[in-house]
Amino acid sequence: MTDEQSPPRRRFPAADVARVSVFAALIAVLGMPGALNIFGDAVPITLQTLGVMLAGAILGTWRSALAVVVLLVLVAAGLPLLAGGRGGLGVFTGPSAGFLLGWLPGAALTGWIVERGGRTPSTVRLVTACLAGGVGVVYLCGIPVQALVTGLSLGKTALLSAAFLPGDLAKAVLASIVARGTQRAYPDAVPAVHRERLRAGGR
C-alpha cells in the first residue's frame, strides 16, 4: 500500500494535550472554594460542574470527556481534587458517585451540542448545551445512584437534588457567557472550528 493509499493517522496534537490538562486543572481548582451541604443532602453543592460545562462548551465532545477522565483518574489515585479536599476510590462508592461519573457523558453531550452549532454557536445553543449536559445528564446519572446508596426513594432523592437547580441554572448561564466571550476572542475555542482545522491538517 502506497503512502497515498494509506489511511490518515489520527493525531493528538500537543496543543490538545495542553488544553485537556488545563481544563482538568480548572475543574479541580473550582473545587477549592469548598462544598456546601444543605437540607441534609449527602451530595454537596460545588462549583466544579461549572468547569465541566466550560470544558464541554470550549473543548467539544472528546477533548472535554478526556479532561474529565484525567481528573477522575487522579481523584481515584488519591489526589484530593474534589471540593472539600476529597479524593480516593471511596468517593466512587458514596452518594455523589453518580454525579461524578455523570460529568463524563455530561461534558461530552455539552460539547456535541455545541459542535452542531458550527463556527458561531449562539448563546442560546450554549445555554441549551450546558443545561442538557451539565445539568440534565449529570442529574440523570447522579440521582439514581444517590438513591441506591442512601436507601432513599427516587422521588425523595430528586426532591433533595432540586436544591441544586437554582445554582446549576446560574452556572449554565455563566458558562455560556464565558464560553461565548472566549470563542469571540479566540476562534479556535469553538469546537467546530478546531475540528475543521484538524481535518485540514492544522493544529
# chains A, B, ... in the order shown; residues from 1 in each chain; ligands from 1
$ residues_around --residues "A:Val91" --least-positions-apart "6" --cutoff "9 Å" --atoms "only C-alpha atoms" --output "list in words"
Val75, Ala76, Ala97 and Leu100 of chain A
$ write_last_selection --atoms "all heavy atoms" --output "PDB file, in the first residue's frame"
ATOM      1  N   VAL A  75      -8.286  11.633  40.870  1.00  0.00           N
ATOM      2  CA  VAL A  75      -9.062  11.516  42.115  1.00  0.00           C
ATOM      3  C   VAL A  75      -9.026  10.070  42.617  1.00  0.00           C
ATOM      4  O   VAL A  75      -8.812   9.819  43.810  1.00  0.00           O
ATOM      5  CB  VAL A  75     -10.521  11.969  41.887  1.00  0.00           C
ATOM      6  CG1 VAL A  75     -11.400  11.588  43.083  1.00  0.00           C
ATOM      7  CG2 VAL A  75     -10.574  13.481  41.660  1.00  0.00           C
ATOM      8  N   ALA A  76      -9.228   9.121  41.701  1.00  0.00           N
ATOM      9  CA  ALA A  76      -9.196   7.707  42.084  1.00  0.00           C
ATOM     10  C   ALA A  76      -7.833   7.305  42.638  1.00  0.00           C
ATOM     11  O   ALA A  76      -7.732   6.426  43.512  1.00  0.00           O
ATOM     12  CB  ALA A  76      -9.550   6.834  40.879  1.00  0.00           C
ATOM     13  N   ALA A  97     -21.277   9.548  43.891  1.00  0.00           N
ATOM     14  CA  ALA A  97     -20.562   8.821  42.834  1.00  0.00           C
ATOM     15  C   ALA A  97     -21.221   8.991  41.467  1.00  0.00           C
ATOM     16  O   ALA A  97     -20.540   9.192  40.461  1.00  0.00           O
ATOM     17  CB  ALA A  97     -20.485   7.333  43.195  1.00  0.00           C
ATOM     18  N   LEU A 100     -20.472  12.388  39.983  1.00  0.00           N
ATOM     19  CA  LEU A 100     -19.093  12.472  39.499  1.00  0.00           C
ATOM     20  C   LEU A 100     -18.935  11.755  38.163  1.00  0.00           C
ATOM     21  O   LEU A 100     -18.358  12.304  37.214  1.00  0.00           O
ATOM     22  CB  LEU A 100     -18.130  11.864  40.524  1.00  0.00           C
ATOM     23  CG  LEU A 100     -18.032  12.564  41.882  1.00  0.00           C
ATOM     24  CD1 LEU A 100     -17.110  11.774  42.799  1.00  0.00           C
ATOM     25  CD2 LEU A 100     -17.551  13.990  41.730  1.00  0.00           C
TER      26      LEU A 100
END
$ select_by_dssp --residues "stretch 24-181 of chain A" --states "alpha helix (DSSP H)" --output "MDAnalysis selection string"
chainID A and resid 24:29 48:59 61:76 97:115 123:129 138:150 154:161 165:181
$ residues_around --residues "A:Ala24" --least-positions-apart "2" --cutoff "10 Å" --atoms "only C-alpha atoms" --output "list in words"
Ala18, Arg19, Val20, Ser21, Val22, Leu26, Ile27, Ala28, Val29, Gly51, Val52, Ala55, Ser64, Ala65, Leu66, Ala67, Val68, Val69, Val70, Leu71, Leu72, Leu74 and Leu81 of chain A
$ residues_around --residues "A:Gln146" --least-positions-apart "3" --cutoff "9 Å" --atoms "only C-alpha atoms" --output "list in words"
Ala42, Val43, Gly94, Pro95, Ser96, Ala97, Gly98, Phe99, Gly142, Ile143, Val149, Thr150, Gly151, Leu152, Leu154 and Thr157 of chain A
$ closest_atom_pairs --of "stretch 16-126 of chain A" --to "stretch 176-191 of chain A" --cutoff "12 Å" --atoms "only C-alpha atoms" --output "CSV"
residue,atom,partner,partner_atom,distance
A:Asp16,CA,A:Asp188,CA,11.2
A:Arg19,CA,A:Ala189,CA,10.0
A:Leu50,CA,A:Ser176,CA,9.9
A:Gly51,CA,A:Ala179,CA,11.0
A:Val52,CA,A:Ser176,CA,11.8
A:Met53,CA,A:Ser176,CA,8.3
A:Leu54,CA,A:Ala179,CA,6.5
A:Ala55,CA,A:Ala179,CA,9.1
A:Gly56,CA,A:Pro191,CA,8.8
A:Ala57,CA,A:Ala179,CA,6.3
A:Ile58,CA,A:Ala189,CA,5.2
A:Leu59,CA,A:Pro191,CA,5.7
A:Gly60,CA,A:Pro191,CA,4.8
A:Thr61,CA,A:Pro191,CA,8.1
A:Trp62,CA,A:Pro191,CA,10.1
A:Arg63,CA,A:Pro191,CA,9.4
A:Ser64,CA,A:Pro191,CA,10.1
A:Ala108,CA,A:Pro191,CA,11.6
A:Thr110,CA,A:Ser176,CA,10.7
A:Gly111,CA,A:Pro191,CA,7.4
A:Trp112,CA,A:Pro191,CA,8.8
A:Ile113,CA,A:Pro191,CA,10.0
A:Val114,CA,A:Pro191,CA,7.1
A:Glu115,CA,A:Pro191,CA,5.5
A:Arg116,CA,A:Pro191,CA,9.1
A:Gly117,CA,A:Pro191,CA,9.1
A:Gly118,CA,A:Pro191,CA,8.1
A:Arg119,CA,A:Val190,CA,6.4
A:Thr120,CA,A:Val190,CA,7.4
A:Pro121,CA,A:Val190,CA,7.8
A:Ser122,CA,A:Arg180,CA,7.8
A:Thr123,CA,A:Ser176,CA,6.3
A:Val124,CA,A:Ser176,CA,8.3
A:Arg125,CA,A:Ser176,CA,8.7
A:Leu126,CA,A:Ser176,CA,5.2
$ closest_residue --among "A:Ala25, A:Leu160, A:Leu101, A:Val127" --to "A:Leu140" --atoms "only C-alpha atoms"
A:Leu101
